[in-house]
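Student: If it helps, the file is called start_1.txt and holds compact mmCIF, C-alpha atoms:
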# COMPACT_ATOMS: atom_id res chain seq x y z
CA MET A 1 -20.18 37.38 -47.68
CA LEU A 2 -18.37 34.41 -49.26
CA LYS A 3 -16.43 33.82 -46.03
CA PHE A 4 -19.69 33.78 -44.05
CA VAL A 5 -21.32 31.31 -46.47
CA SER A 6 -18.21 29.08 -46.36
CA ALA A 7 -18.18 29.18 -42.56
CA VAL A 8 -21.88 28.24 -42.42
CA ALA A 9 -21.35 25.39 -44.91
CA LEU A 10 -18.39 24.09 -42.91
CA GLY A 11 -20.40 24.32 -39.68
CA LEU A 12 -23.28 22.37 -41.22
CA ALA A 13 -20.90 19.74 -42.60
CA LEU A 14 -19.27 19.33 -39.20
CA ALA A 15 -22.64 19.11 -37.47
CA ALA A 16 -24.00 16.46 -39.85
CA PRO A 17 -23.99 12.95 -38.37
CA VAL A 18 -21.34 10.62 -39.71
CA ALA A 19 -22.75 7.33 -40.95
CA HIS A 20 -20.97 4.21 -39.74
CA ALA A 21 -21.80 0.85 -41.30
CA THR A 22 -21.43 -0.78 -37.90
CA THR A 23 -20.20 0.54 -34.61
CA PRO A 24 -18.76 -1.14 -31.53
CA ALA A 25 -22.01 -0.36 -29.69
CA ASP A 26 -23.99 -2.34 -32.30
CA GLY A 27 -22.22 -5.58 -31.43
CA VAL A 28 -21.35 -7.42 -28.27
CA LEU A 29 -19.87 -4.26 -26.71
CA GLY A 30 -23.40 -2.84 -26.63
CA ARG A 31 -24.07 -5.33 -23.82
CA PHE A 32 -21.18 -3.76 -21.88
CA VAL A 33 -22.92 -0.39 -21.69
CA GLY A 34 -24.06 0.19 -18.11
CA ASP A 35 -22.77 0.53 -14.56
CA TRP A 36 -20.53 -2.13 -13.02
CA THR A 37 -18.94 -3.27 -9.79
CA VAL A 38 -15.44 -4.55 -10.53
CA SER A 39 -13.75 -7.19 -8.37
CA GLY A 40 -10.76 -9.44 -8.80
CA GLN A 41 -7.02 -8.97 -8.63
CA THR A 42 -4.30 -6.79 -10.09
CA ARG A 43 -0.69 -7.91 -9.77
CA GLY A 44 -1.82 -10.45 -7.18
CA HIS A 45 -3.61 -7.89 -4.99
CA ALA A 46 -7.36 -7.67 -4.47
CA THR A 47 -9.13 -5.14 -6.65
CA ALA A 48 -12.49 -3.58 -5.84
CA THR A 49 -13.72 -0.61 -7.84
CA GLU A 50 -16.51 0.52 -10.13
CA ALA A 51 -16.91 1.23 -13.81
CA GLU A 52 -19.28 3.01 -16.14
CA VAL A 53 -19.52 2.08 -19.80
CA ARG A 54 -21.17 4.43 -22.31
CA ALA A 55 -21.59 4.62 -26.07
CA GLN A 56 -20.00 7.86 -27.26
CA PHE A 57 -20.06 9.86 -30.50
CA GLY A 58 -23.21 8.17 -31.77
CA GLY A 59 -21.84 4.73 -30.94
CA ALA A 60 -18.58 5.21 -32.85
CA PHE A 61 -16.78 4.48 -29.58
CA VAL A 62 -17.64 2.65 -26.39
CA GLU A 63 -15.97 4.27 -23.39
CA LEU A 64 -15.08 2.32 -20.24
CA HIS A 65 -14.43 4.59 -17.24
CA ILE A 66 -12.87 2.84 -14.24
CA GLN A 67 -12.70 4.75 -10.95
CA ASP A 68 -12.92 3.94 -7.26
CA PRO A 69 -16.04 5.78 -6.07
CA THR A 70 -14.46 6.24 -2.60
CA ARG A 71 -11.32 7.75 -4.22
CA ARG A 72 -9.16 5.62 -1.87
CA SER A 73 -7.40 4.21 -4.91
CA PRO A 74 -5.69 6.78 -7.12
CA TYR A 75 -6.14 4.57 -10.19
CA GLU A 76 -8.49 5.83 -12.86
CA ALA A 77 -8.73 4.80 -16.48
CA ARG A 78 -10.71 5.68 -19.57
CA VAL A 79 -10.63 3.04 -22.26
CA TRP A 80 -12.01 3.86 -25.70
CA PHE A 81 -13.04 0.98 -27.98
CA GLY A 82 -13.45 1.90 -31.64
CA GLN A 83 -13.64 0.00 -34.88
CA ASP A 84 -11.97 0.77 -38.21
CA ASP A 85 -13.67 0.31 -41.60
CA ALA A 86 -12.39 -3.27 -41.84
CA GLY A 87 -14.02 -4.17 -38.50
CA LYS A 88 -10.73 -4.32 -36.57
CA LEU A 89 -10.84 -2.97 -33.02
CA VAL A 90 -8.77 0.04 -32.06
CA ILE A 91 -8.34 0.65 -28.32
CA HIS A 92 -7.01 3.72 -26.52
CA TRP A 93 -6.21 3.01 -22.84
CA LEU A 94 -5.58 6.23 -20.93
CA ASP A 95 -5.00 6.03 -17.21
CA ALA A 96 -3.50 7.58 -14.11
CA THR A 97 -0.05 6.20 -14.95
CA GLY A 98 0.39 9.13 -17.34
CA GLY A 99 1.16 9.84 -20.95
CA GLU A 100 4.08 7.46 -21.46
CA THR A 101 1.90 4.36 -21.69
CA SER A 102 -0.65 6.10 -23.91
CA HIS A 103 1.76 6.13 -26.88
CA THR A 104 0.71 2.56 -27.63
CA LEU A 105 -2.62 1.79 -29.29
CA GLY A 106 -4.31 -1.51 -28.74
CA ALA A 107 -5.68 -3.55 -31.61
CA GLY A 108 -7.84 -6.62 -31.74
CA ALA A 109 -11.02 -8.29 -32.87
CA VAL A 110 -14.41 -9.45 -31.72
CA GLU A 111 -14.50 -13.20 -31.07
CA GLY A 112 -17.98 -14.50 -30.35
CA ASP A 113 -19.18 -12.89 -27.12
CA GLY A 114 -15.85 -11.29 -26.39
CA LEU A 115 -12.91 -9.25 -27.54
CA VAL A 116 -9.26 -10.08 -27.79
CA PHE A 117 -6.77 -7.26 -28.12
CA ALA A 118 -3.16 -6.46 -27.42
CA PHE A 119 -1.00 -3.49 -26.54
CA PRO A 120 2.55 -3.96 -27.89
CA TYR A 121 4.42 -1.81 -25.34
CA PRO A 122 8.19 -1.40 -25.85
CA ASP A 123 8.95 -3.51 -22.76
CA GLY A 124 6.42 -6.26 -23.52
CA THR A 125 2.98 -6.90 -24.95
CA PHE A 126 -0.13 -6.87 -22.81
CA ARG A 127 -2.70 -9.37 -24.10
CA ASP A 128 -6.26 -8.62 -23.04
CA ARG A 129 -9.37 -10.74 -23.27
CA LEU A 130 -12.80 -9.31 -22.42
CA ASP A 131 -15.53 -11.98 -22.35
CA TYR A 132 -19.27 -11.66 -21.85
CA ASP A 133 -21.16 -14.29 -19.84
CA ARG A 134 -24.74 -14.05 -21.16
CA GLY A 135 -26.14 -16.36 -18.48
CA HIS A 136 -24.98 -14.13 -15.62
CA ASP A 137 -24.82 -10.78 -17.49
CA GLN A 138 -21.20 -10.36 -16.38
CA TRP A 139 -17.94 -9.51 -18.08
CA ARG A 140 -14.45 -10.77 -17.30
CA LEU A 141 -11.33 -8.84 -18.28
CA ARG A 142 -8.10 -10.81 -18.07
CA ILE A 143 -4.81 -9.09 -18.88
CA GLU A 144 -1.64 -11.14 -19.35
CA THR A 145 1.92 -10.28 -20.21
CA GLY A 146 5.14 -12.19 -20.72
CA ASP A 147 5.65 -15.33 -22.76
CA LYS A 148 2.42 -16.71 -24.25
CA ALA A 149 3.49 -20.23 -23.25
CA ALA A 150 3.87 -19.17 -19.60
CA PRO A 151 1.84 -15.96 -19.23
CA VAL A 152 1.92 -13.74 -16.18
CA VAL A 153 -1.53 -12.54 -15.12
CA PHE A 154 -1.42 -8.78 -14.70
CA SER A 155 -5.09 -8.47 -13.78
CA ASP A 156 -8.24 -10.56 -13.72
CA TRP A 157 -11.43 -8.57 -13.15
CA LEU A 158 -15.09 -9.52 -13.00
CA PHE A 159 -17.63 -6.84 -13.96
CA THR A 160 -21.01 -7.36 -12.24
CA ARG A 161 -23.87 -5.13 -13.32
CA ARG A 162 -25.03 -2.67 -10.66
CA THR A 163 -28.78 -2.41 -10.28
CA GLY A 164 -31.06 -0.03 -8.44
CA ARG A 165 -28.90 3.07 -8.58
Translate this file's structure into structure tokens.
Tutor:
Amino acid sequence: MLKFVSAVALGLALAAPVAHATTPADGVLGRFVGDWTVSGQTRGHATATEAEVRAQFGGAFVELHIQDPTRRSPYEARVWFGQDDAGKLVIHWLDATGGETSHTLGAGAVEGDGLVFAFPYPDGTFRDRLDYDRGHDQWRLRIETGDKAAPVVFSDWLFTRRTGR
């Protein structure tokens, strides 16, 4: 009987909602939740795809899912934005390139209507900036690598909200 009571207590504890003082979805990232058309360039080549952004786990994470709806491009990514107790961003970027690049966590901070974060990969740091344009309800994600004084643009994407779907 004691094992049953313990199992029930554990189940109830696990099912209870976890209180977060603030979550990424409470701040500027809450404006990112929605469906997006993504255009721009990656490594100098035109990029056209779509993205969905959802609050997950009660807002503890905001998930960005990037995938070409036509499936012509094999690239797919799921990016998880979380926040630690000190308010620092923690970012997990998982994509079709495989597990090797997922060893590295991104870290950053909210700056006004945007986020700045970096992924310190062994062969060089990727510096990302995600900015919200309130006037146009659009987001821009710019990823740079190389020397900060002479950065190389890896990608520069504009997220335009899809309507009427």
Student: Which polymer residues have any atom within 12 Å of an atom of Ile66 of chain A, counting all atoms listed in the file, with same-chain residues fewer than 5 positions away left out, as number ranges by chain?
Tutor: A: 35-39, 47-54, 71, 73-80, 93-96, 157, 159
Student: Neighbouring residues of Arg142 of chain A were defined as those with any atom within 6 Å, considering only C-alpha atoms; residues of the same chain fewer than 3 positions away were excluded. Please report them as a CSV table (one decimal) with C-alpha atoms, in the coordinates of the input.
Tutor:
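around36.csv, written as the output of this step:
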chain,number,residue,atom,x,y,z
A,128,ASP,CA,-6.3,-8.6,-23.0
A,129,ARG,CA,-9.4,-10.7,-23.3
A,155,SER,CA,-5.1,-8.5,-13.8
A,156,ASP,CA,-8.2,-10.6,-13.7
Student: So, with only C-alpha atoms as the atoms that count, which of A:His136, A:Ala46, A:Thr145, A:Gly106 lies closest to Asp123 of chain A?
Tutor: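 That would be A:Thr145, the residue with the smallest distance to Asp123 of chain A.
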Student: For a cut-off of 7 Å around (-3.5, -6.1, -29.1), file coordinates, pick out all residues using all atoms listed in the file and list them as a PyMOL selection string.
Tutor: chain A and resi 106-108+117-120+127
Student: Quick one: distance from atom CA of Lys88 of chain A to atom CA of Ala109 of chain A in Å, one decimal?
Tutor: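 Spanning atom CA of Lys88 of chain A to atom CA of Ala109 of chain A is a straight-line distance of 5.4 Å.
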Student: Give me, as a ChimeraX atom specification, all polymer residues having an atom no more than 6 Å from Glu144 of chain A, counting all atoms listed in the file and skipping those fewer than 3 positions away in the same chain.
Tutor: /A:126-127,151-154
Student: Given 5 Å of margin on each side, can you work out the centre and size in Å (one decimal) of an axis-aligned box holding every listed atom of segment 118-124 of chain A, as AutoDock Vina command-line options?
Tutor:
--center_x 2.9 --center_y -3.9 --center_z -25.3 --size_x 22.1 --size_y 15.1 --size_z 15.1
Student: Mind pulling up the distance from atom CA of Gln138 of chain A to atom CA of Gly87 of chain A?
Tutor: 24.1 Å
Student: What does the distance from atom CA of Trp139 of chain A to atom CA of Thr104 of chain A come to in Å, to one decimal?
Tutor: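 Going from atom CA of Trp139 of chain A over to atom CA of Thr104 of chain A covers 24.2 Å.
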Student: Using all atoms listed in the file, which of A:Tyr121, A:Gln41, A:Ile91, A:Glu111 sits nearest Glu63 of chain A?
Tutor: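 Comparing A:Tyr121, A:Gln41, A:Ile91, A:Glu111 against Glu63 of chain A, the winner is A:Ile91.
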Student: Which of these residues is nearest to Thr163 of chain A, using only C-alpha atoms: A:Gly40, A:Asp85, A:Gln67, A:Asp137?
Tutor: A:Asp137
Student: Which one of A:His65, A:Leu115, A:Arg140, A:Thr125 sits closest to Gly34 of chain A if you count all atoms listed in the file?
Tutor: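 Among A:His65, A:Leu115, A:Arg140, A:Thr125, it is A:His65 that comes nearest to Gly34 of chain A.
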